[in-house]
Amino acid sequence: MLKAIHSKKGLQLLLGLLMGIVFGFLLQKGGVTRYDVIIGQLLLTDFTVVKIMLSAVVTGMIGVYILKSVGLARLNIKDGSIGASVVGGLIFGVGFGLLGYCPGTVAGAVGQGSLDGLFGGVVGILLGCAIFAAIYPRLEKGILRWGYFGEVTLPQLIKLNTWVVIGLVCAAIVALLFGIEKAGY
Amino acid sequence: MEWLRVEQWSPYVVGIGIGMLSWVSFVLSDRPLACSASFAKTSGMIERLFRGKKIEQKPYYQKFPPTIDWQWMLVVGVIIGAFISAKLSGQFQFSWVPAQWKIMVSDSHFVRWLVALAGGVIMGLGARWAGGCTSGHGISGTLQLAVSSWLAAVSFFVGGIATAMLIFKVLLR
């Protein structure tokens, strides 16, 4: 039944659009489609971004792993390497600090009328993607393979039971969020 | 329905909502919430417009074909959803220079545009380099406990905090 839904192309495009509308609505209501909120996070004066991301991660993690265990969902793990995940992540971070939006929130920013988001952010990200597509053949044989570890999860890496890891990660996140609230942010 | 018109919701309500949305996306679409591959696909579509079908032979576009798919529609939806939310709360407004940028840097449209463009280029490059962005790695990947995503998400913030601190606490002091 679910497989039949997954294979209907037109239905999936519609579902993508509907889920995007909910996602964009939530991002805007969270305030993270605003430059001021994101740059506040990077300057460590406003913790809205971290609060939203970590509470989404805890909720999502518990639900998705339960859905997986009852056969309603399967994981979609991205492979990675030090050269791709860390180096690429740091490059992304430099752009994050300059732009003050990310690829998802810049779309939301455009929706609320941000012209720096549209003509700066969106145009820039498209250019950056084109540059990456052009240099990809060279990177693929070099830095992207450096320290390759594949499609691995934390429980597989540290050889612990998945639910133990979920419990530990969720406890750590909840403790961190309590700490942030207690510190007055 | 007054709650739909409120300017801002608790970050925890929003976060839990996004987490629940990820359940729906896994079950109904067999996909994680993610955004940046859609930008790569769009840049491929634009490139094809100017340089023709031969660009589809590029190794990267073989991996991410420049076509409209579920995730591409998701990003279109994000624009619409944010528009609806901003309209309902009366926050929709065309603007070039964010309030905080005006205070910390300048009110020049050109300077803000130039820095946003440069930031966008670097971010687009980095997102595809890392294989995802703050949604695909930062939320969807970390919630699946993917090692690649935890490394990428931490790197996003390390790079972002270092850059923001350097600009606003060192260079513009």
# chains A, B, ... in the order shown; residues from 1 in each chain; ligands from 1
>>> residues_around(residues="Arg112 of chain B", least_positions_apart="6", cutoff="12 Å", atoms="only C-alpha atoms", output="list in words")
Tyr35, Leu98, Leu99, Gly100, Ser114, Leu115, Asp116, Gly117, Leu118, Phe119, Gly120 and Gly121 of chain A; Ser95, Trp96, Val97, Pro98, Ala99, Gln100, Trp101, Lys102, Met104, Val105, Ser106, Ala118, Gly119 and Gly120 of chain B
>>> select_by_dssp(residues="segment 2-175 of chain A", states="strand (DSSP E or B)", output="number ranges by chain")
A: 81, 114, 148, 153
>>> closest_residue(among="A:Ile158, A:Ile66, A:Val169, A:Ala133", to="Tyr61 of chain B", atoms="only C-alpha atoms")
A:Ala133
>>> closest_residue(among="A:Met61, A:Leu54, A:Val86, A:Cys102", to="Val158 of chain B", atoms="only C-alpha atoms")
A:Val86
>>> residues_around(residues="Phe156 of chain B", least_positions_apart="2", cutoff="7 Å", atoms="only C-alpha atoms", output="list in words")
Gly89, Leu90, Phe92 and Gly93 of chain A; Ala152, Ala153, Val154, Val158, Gly159 and Gly160 of chain B
>>> write_last_selection(atoms="N, CA and C atoms", output="PDB file, in the first residue's frame")
ATOM      1  N   GLY A  89      31.346  20.899   5.093  1.00  0.00           N
ATOM      2  CA  GLY A  89      30.575  21.525   6.165  1.00  0.00           C
ATOM      3  C   GLY A  89      31.163  22.866   6.585  1.00  0.00           C
ATOM      4  N   LEU A  90      32.499  22.920   6.654  1.00  0.00           N
ATOM      5  CA  LEU A  90      33.147  24.184   7.044  1.00  0.00           C
ATOM      6  C   LEU A  90      32.977  25.242   5.956  1.00  0.00           C
ATOM      7  N   PHE A  92      30.460  25.411   3.865  1.00  0.00           N
ATOM      8  CA  PHE A  92      29.052  25.801   4.042  1.00  0.00           C
ATOM      9  C   PHE A  92      28.937  26.828   5.172  1.00  0.00           C
ATOM     10  N   GLY A  93      29.643  26.555   6.281  1.00  0.00           N
ATOM     11  CA  GLY A  93      29.581  27.436   7.444  1.00  0.00           C
ATOM     12  C   GLY A  93      30.024  28.858   7.127  1.00  0.00           C
TER      13      GLY A  93
ATOM     14  N   ALA B 152      28.815  16.813   9.477  1.00  0.00           N
ATOM     15  CA  ALA B 152      28.499  17.975   8.645  1.00  0.00           C
ATOM     16  C   ALA B 152      27.797  19.046   9.476  1.00  0.00           C
ATOM     17  N   ALA B 153      26.820  18.651  10.296  1.00  0.00           N
ATOM     18  CA  ALA B 153      26.048  19.635  11.065  1.00  0.00           C
ATOM     19  C   ALA B 153      26.951  20.397  12.040  1.00  0.00           C
ATOM     20  N   VAL B 154      27.834  19.678  12.709  1.00  0.00           N
ATOM     21  CA  VAL B 154      28.754  20.353  13.627  1.00  0.00           C
ATOM     22  C   VAL B 154      29.659  21.307  12.837  1.00  0.00           C
ATOM     23  N   VAL B 158      30.352  25.254  13.369  1.00  0.00           N
ATOM     24  CA  VAL B 158      31.722  25.702  13.673  1.00  0.00           C
ATOM     25  C   VAL B 158      32.138  26.769  12.649  1.00  0.00           C
ATOM     26  N   GLY B 159      31.938  26.466  11.345  1.00  0.00           N
ATOM     27  CA  GLY B 159      32.284  27.426  10.291  1.00  0.00           C
ATOM     28  C   GLY B 159      31.456  28.694  10.387  1.00  0.00           C
ATOM     29  N   GLY B 160      30.169  28.541  10.654  1.00  0.00           N
ATOM     30  CA  GLY B 160      29.264  29.693  10.712  1.00  0.00           C
ATOM     31  C   GLY B 160      29.558  30.604  11.889  1.00  0.00           C
TER      32      GLY B 160
END
>>> closest_residue(among="A:Leu144, A:Val22, A:Ala172, A:Val164", to="Asp79 of chain A", atoms="only C-alpha atoms")
A:Leu144
